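The structure under discussion appears below in the form of structure tokens.
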Amino acid sequence: MKRRVDLRVDFAFKAVFGTHGNESILAAFLNAALNLPDDKQITTVTILDPQFNKENDEDKKSVLDVHAQLEDGSRINIEIQLKNKHDMEKRTLYYWSRMYASQMKEGMDYEDLCKTITINILDFVYLDSTSQYHSVFRLYERNEKFLLTDMLEIHFMELTKLYKKWRKREVDPKEDRLVRWLLLLGSSDNEELTKILEEIAMQEDQMLNKAFKEWDRVSQDPEMLLAYEARHKALLDEQSALKRAERKGKEKGRAEGKEEGKIEVAKKMLEDGISHEKVAEYTGLSLKEINKLAKSN
């Protein structure tokens with residue numbers, strides 16, 4: 001089995017899908033992701049600068065993974081996330097708003113603004129309320145469910161759910177274009193899946209075959225590999241830092257909960273007329289703390 005870079009790492013994904021010269025690969029993925037009918041297939045994609053104008057400190061962080069424009073002017077951002085930072089809905093709305101607003105130029109009418117789409121590819125379960133791996137959100141009226149505007153469209157594609165469905169053979173990459181593209185992203189360490197996708201690419205999917213060739217080129221380029229390894233290490237370090245922060249938060253929560261429990265026990269003992277010394281002995285709280293609790297009751 002060939003050694004290939006992990007396409008779930010944003011650097012590798014961008015190298016294959018978001019680099020000038022690979023527009024046809026991106027177009028094929030978007031046709032599958034947006035489920036466009038045959039008469040509205042994307043044929044031309046323009047890859048845009050991934051950075052917004054840096055007007056403030058928050059804007060300096062706004063570097064998109066893949067930022068593109070379609071023939072009709074629609075803007076699209078594709079983001080890959082390996083770890084749940086618990087801010088996805090706010091993050092994606094912020095990026096959507098920045099893309100939508102960035103279209104506006106001096107003297108331009110609002111009616112000239114184009115549809116803006118954000119696609120979030122997540123390597124974790126994010127939407128617990130659904131078992132489907134691909135969820136699409138738009139602006140609908142709450143009761144009657146009619147669409148206000150098609151200007152906003154947000155996709156969540158949860159790879160973990162899809163892999164689980166594939167292992168159970170509930171999805172078939174031969175029958176579903178989006179399934180094969182998404183499975184491709186996590187196939188670098190799965191020989192069986194890689195073989196299936198390579199066969200599809202060779203026999204029936206010219207653009208998937210082109211993606212494999214570009215993936216191989218990126219995986220064998222020494223300079224690309226150095227940059228990829230640096231980015232991969234940075235992501236692993238970030239994940240480790242998040243885990244440490246979560247662990248410390250849990251430990252702090254348990255400690256605070258334990259302390260609150262002691263205080264509640266002490267209050268009950270004081271109400272029952274037990275001496276301050278005995279309350280301190282049984283709860284582990286200091287006599288000073290017990291006296292303070294007694295005054296506040």
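Ordered as shown in the structure tokens, chains take letters A, B, and onward, while each chain numbers its residues from 1 and ligands are numbered from 1 in the order shown.
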Enumerate the residues of range 48-295 of chain A with a DSSP assignment of strand (DSSP E or B), computed from the backbone, and present them as a VMD selection string. chain A and resid 51 63 66 to 70 75 to 81 116 to 122 134 to 140 147 to 158
Could you give me, as a list in words, the residues within 6 Å of range 3-7 of chain A, counting only C-alpha atoms and dropping anything in the same chain fewer than 4 positions from it?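 Neighbouring residues, sequence-local ones excluded: Ala12, Phe13, Leu185, Ser188 and Ser219 of chain A.
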I need the chosen residues saved as a PDB file, in the first residue's frame, with N, CA and C atoms.
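So the final result, stored in again_22.pdb, reads:
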```pdb
ATOM      1  N   ALA A  12      -2.957  19.173   3.621  1.00  0.00           N
ATOM      2  CA  ALA A  12      -3.019  18.175   2.554  1.00  0.00           C
ATOM      3  C   ALA A  12      -4.306  18.334   1.742  1.00  0.00           C
ATOM      4  N   PHE A  13      -5.423  18.580   2.419  1.00  0.00           N
ATOM      5  CA  PHE A  13      -6.688  18.783   1.719  1.00  0.00           C
ATOM      6  C   PHE A  13      -6.583  19.964   0.760  1.00  0.00           C
ATOM      7  N   LEU A 185     -11.101  10.931   1.916  1.00  0.00           N
ATOM      8  CA  LEU A 185     -10.359  11.772   2.866  1.00  0.00           C
ATOM      9  C   LEU A 185      -9.751  10.969   4.009  1.00  0.00           C
ATOM     10  N   SER A 188      -6.300   6.982   3.842  1.00  0.00           N
ATOM     11  CA  SER A 188      -4.846   6.830   3.759  1.00  0.00           C
ATOM     12  C   SER A 188      -4.318   5.664   4.586  1.00  0.00           C
ATOM     13  N   SER A 219       2.096  13.605  -2.006  1.00  0.00           N
ATOM     14  CA  SER A 219       2.672  12.700  -1.003  1.00  0.00           C
ATOM     15  C   SER A 219       4.132  12.358  -1.274  1.00  0.00           C
TER      16      SER A 219
END
```
Near Lys210 in chain A, counting only C-alpha atoms, which residues have an atom at most 12 Å away, once you skip same-chain residues fewer than 4 positions from it, shown as a PyMOL selection string? chain A and resi 16-17+21-26+28-29+198+200-202+204-206+214-217
Give me a file of those residues, with N, CA, C and O atoms, as a PDB file, in the first residue's frame.
```
ATOM      1  N   VAL A  16      -4.569  19.298  -2.471  1.00  0.00           N
ATOM      2  CA  VAL A  16      -5.234  18.507  -3.509  1.00  0.00           C
ATOM      3  C   VAL A  16      -6.471  19.210  -4.060  1.00  0.00           C
ATOM      4  O   VAL A  16      -6.706  19.217  -5.272  1.00  0.00           O
ATOM      5  N   PHE A  17      -7.255  19.844  -3.189  1.00  0.00           N
ATOM      6  CA  PHE A  17      -8.537  20.404  -3.611  1.00  0.00           C
ATOM      7  C   PHE A  17      -8.524  21.925  -3.795  1.00  0.00           C
ATOM      8  O   PHE A  17      -9.381  22.450  -4.486  1.00  0.00           O
ATOM      9  N   GLY A  21      -4.786  24.999 -10.445  1.00  0.00           N
ATOM     10  CA  GLY A  21      -4.460  23.870 -11.309  1.00  0.00           C
ATOM     11  C   GLY A  21      -5.313  22.652 -11.001  1.00  0.00           C
ATOM     12  O   GLY A  21      -5.445  21.744 -11.824  1.00  0.00           O
ATOM     13  N   ASN A  22      -5.896  22.651  -9.780  1.00  0.00           N
ATOM     14  CA  ASN A  22      -6.741  21.528  -9.358  1.00  0.00           C
ATOM     15  C   ASN A  22      -8.224  21.915  -9.291  1.00  0.00           C
ATOM     16  O   ASN A  22      -9.011  21.278  -8.594  1.00  0.00           O
ATOM     17  N   GLU A  23      -8.592  22.961 -10.021  1.00  0.00           N
ATOM     18  CA  GLU A  23      -9.975  23.437  -9.981  1.00  0.00           C
ATOM     19  C   GLU A  23     -10.979  22.357 -10.400  1.00  0.00           C
ATOM     20  O   GLU A  23     -12.088  22.300  -9.870  1.00  0.00           O
ATOM     21  N   SER A  24     -10.596  21.510 -11.358  1.00  0.00           N
ATOM     22  CA  SER A  24     -11.533  20.481 -11.827  1.00  0.00           C
ATOM     23  C   SER A  24     -11.816  19.447 -10.733  1.00  0.00           C
ATOM     24  O   SER A  24     -12.924  18.915 -10.643  1.00  0.00           O
ATOM     25  N   ILE A  25     -10.817  19.167  -9.886  1.00  0.00           N
ATOM     26  CA  ILE A  25     -11.017  18.249  -8.758  1.00  0.00           C
ATOM     27  C   ILE A  25     -11.993  18.867  -7.762  1.00  0.00           C
ATOM     28  O   ILE A  25     -12.927  18.212  -7.284  1.00  0.00           O
ATOM     29  N   LEU A  26     -11.788  20.152  -7.473  1.00  0.00           N
ATOM     30  CA  LEU A  26     -12.681  20.861  -6.549  1.00  0.00           C
ATOM     31  C   LEU A  26     -14.097  20.908  -7.106  1.00  0.00           C
ATOM     32  O   LEU A  26     -15.070  20.689  -6.367  1.00  0.00           O
ATOM     33  N   ALA A  28     -15.553  18.789  -9.094  1.00  0.00           N
ATOM     34  CA  ALA A  28     -16.163  17.456  -8.986  1.00  0.00           C
ATOM     35  C   ALA A  28     -16.646  17.195  -7.572  1.00  0.00           C
ATOM     36  O   ALA A  28     -17.744  16.660  -7.361  1.00  0.00           O
ATOM     37  N   PHE A  29     -15.840  17.585  -6.587  1.00  0.00           N
ATOM     38  CA  PHE A  29     -16.254  17.414  -5.185  1.00  0.00           C
ATOM     39  C   PHE A  29     -17.495  18.258  -4.894  1.00  0.00           C
ATOM     40  O   PHE A  29     -18.446  17.783  -4.260  1.00  0.00           O
ATOM     41  N   GLU A 198      -9.776   3.079  -5.457  1.00  0.00           N
ATOM     42  CA  GLU A 198      -8.887   3.055  -6.620  1.00  0.00           C
ATOM     43  C   GLU A 198      -9.553   2.338  -7.793  1.00  0.00           C
ATOM     44  O   GLU A 198      -9.414   2.756  -8.954  1.00  0.00           O
ATOM     45  N   ILE A 200     -12.815   2.141  -8.357  1.00  0.00           N
ATOM     46  CA  ILE A 200     -13.848   3.052  -8.868  1.00  0.00           C
ATOM     47  C   ILE A 200     -13.206   4.129  -9.733  1.00  0.00           C
ATOM     48  O   ILE A 200     -13.706   4.475 -10.808  1.00  0.00           O
ATOM     49  N   ALA A 201     -12.081   4.660  -9.255  1.00  0.00           N
ATOM     50  CA  ALA A 201     -11.379   5.721  -9.983  1.00  0.00           C
ATOM     51  C   ALA A 201     -10.899   5.238 -11.349  1.00  0.00           C
ATOM     52  O   ALA A 201     -11.008   5.954 -12.351  1.00  0.00           O
ATOM     53  N   MET A 202     -10.375   4.038 -11.406  1.00  0.00           N
ATOM     54  CA  MET A 202      -9.841   3.489 -12.655  1.00  0.00           C
ATOM     55  C   MET A 202     -10.953   3.106 -13.636  1.00  0.00           C
ATOM     56  O   MET A 202     -10.803   3.265 -14.850  1.00  0.00           O
ATOM     57  N   GLU A 204     -14.498   4.044 -13.530  1.00  0.00           N
ATOM     58  CA  GLU A 204     -15.655   4.868 -13.867  1.00  0.00           C
ATOM     59  C   GLU A 204     -15.598   6.336 -13.475  1.00  0.00           C
ATOM     60  O   GLU A 204     -16.414   7.129 -13.952  1.00  0.00           O
ATOM     61  N   ASP A 205     -14.657   6.737 -12.631  1.00  0.00           N
ATOM     62  CA  ASP A 205     -14.662   8.126 -12.151  1.00  0.00           C
ATOM     63  C   ASP A 205     -13.340   8.803 -12.506  1.00  0.00           C
ATOM     64  O   ASP A 205     -12.349   8.707 -11.787  1.00  0.00           O
ATOM     65  N   GLN A 206     -13.352   9.511 -13.622  1.00  0.00           N
ATOM     66  CA  GLN A 206     -12.150  10.160 -14.132  1.00  0.00           C
ATOM     67  C   GLN A 206     -11.600  11.202 -13.163  1.00  0.00           C
ATOM     68  O   GLN A 206     -10.383  11.314 -12.978  1.00  0.00           O
ATOM     69  N   GLU A 214      -3.022  13.383  -8.102  1.00  0.00           N
ATOM     70  CA  GLU A 214      -2.551  14.590  -7.424  1.00  0.00           C
ATOM     71  C   GLU A 214      -2.172  14.282  -5.979  1.00  0.00           C
ATOM     72  O   GLU A 214      -1.186  14.812  -5.454  1.00  0.00           O
ATOM     73  N   TRP A 215      -2.945  13.423  -5.352  1.00  0.00           N
ATOM     74  CA  TRP A 215      -2.644  12.990  -3.978  1.00  0.00           C
ATOM     75  C   TRP A 215      -1.280  12.303  -3.926  1.00  0.00           C
ATOM     76  O   TRP A 215      -0.474  12.559  -3.025  1.00  0.00           O
ATOM     77  N   ASP A 216      -1.005  11.444  -4.910  1.00  0.00           N
ATOM     78  CA  ASP A 216       0.296  10.767  -4.975  1.00  0.00           C
ATOM     79  C   ASP A 216       1.429  11.771  -5.188  1.00  0.00           C
ATOM     80  O   ASP A 216       2.494  11.665  -4.575  1.00  0.00           O
ATOM     81  N   ARG A 217       1.182  12.757  -6.055  1.00  0.00           N
ATOM     82  CA  ARG A 217       2.215  13.763  -6.324  1.00  0.00           C
ATOM     83  C   ARG A 217       2.561  14.552  -5.049  1.00  0.00           C
ATOM     84  O   ARG A 217       3.735  14.735  -4.719  1.00  0.00           O
TER      85      ARG A 217
END
```
Students should find that CA of Lys14 in chain A and CA of Lys174 in chain A are spaced 24.7 Å
Among listed residues A:Asp128, A:Asp87, A:Asp176, A:Glu71, nearest Thr44 in chain A (using only C-alpha atoms):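 Selected residue with least distance to Thr44 in chain A: A:Glu71.
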From the options A:Trp181, A:Phe11, A:Trp96, A:Phe137, which residue's atoms come nearest to Leu226 in chain A, counting only C-alpha atoms?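 Smallest separation from Leu226 in chain A among the options: A:Phe11.
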Leaving out Tyr133 in chain A and any residue of its chain fewer than 5 positions from it, which residues lie within 9 Å of it when counting only C-alpha atoms, given as a VMD selection string? chain A and resid 125 127 156 to 162 165
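Candidate residues A:Ala27, A:Leu36, A:Ile263, A:Leu193 were compared for distance to Gly284 in chain A, and the nearest is A:Ile263, using only C-alpha atoms.
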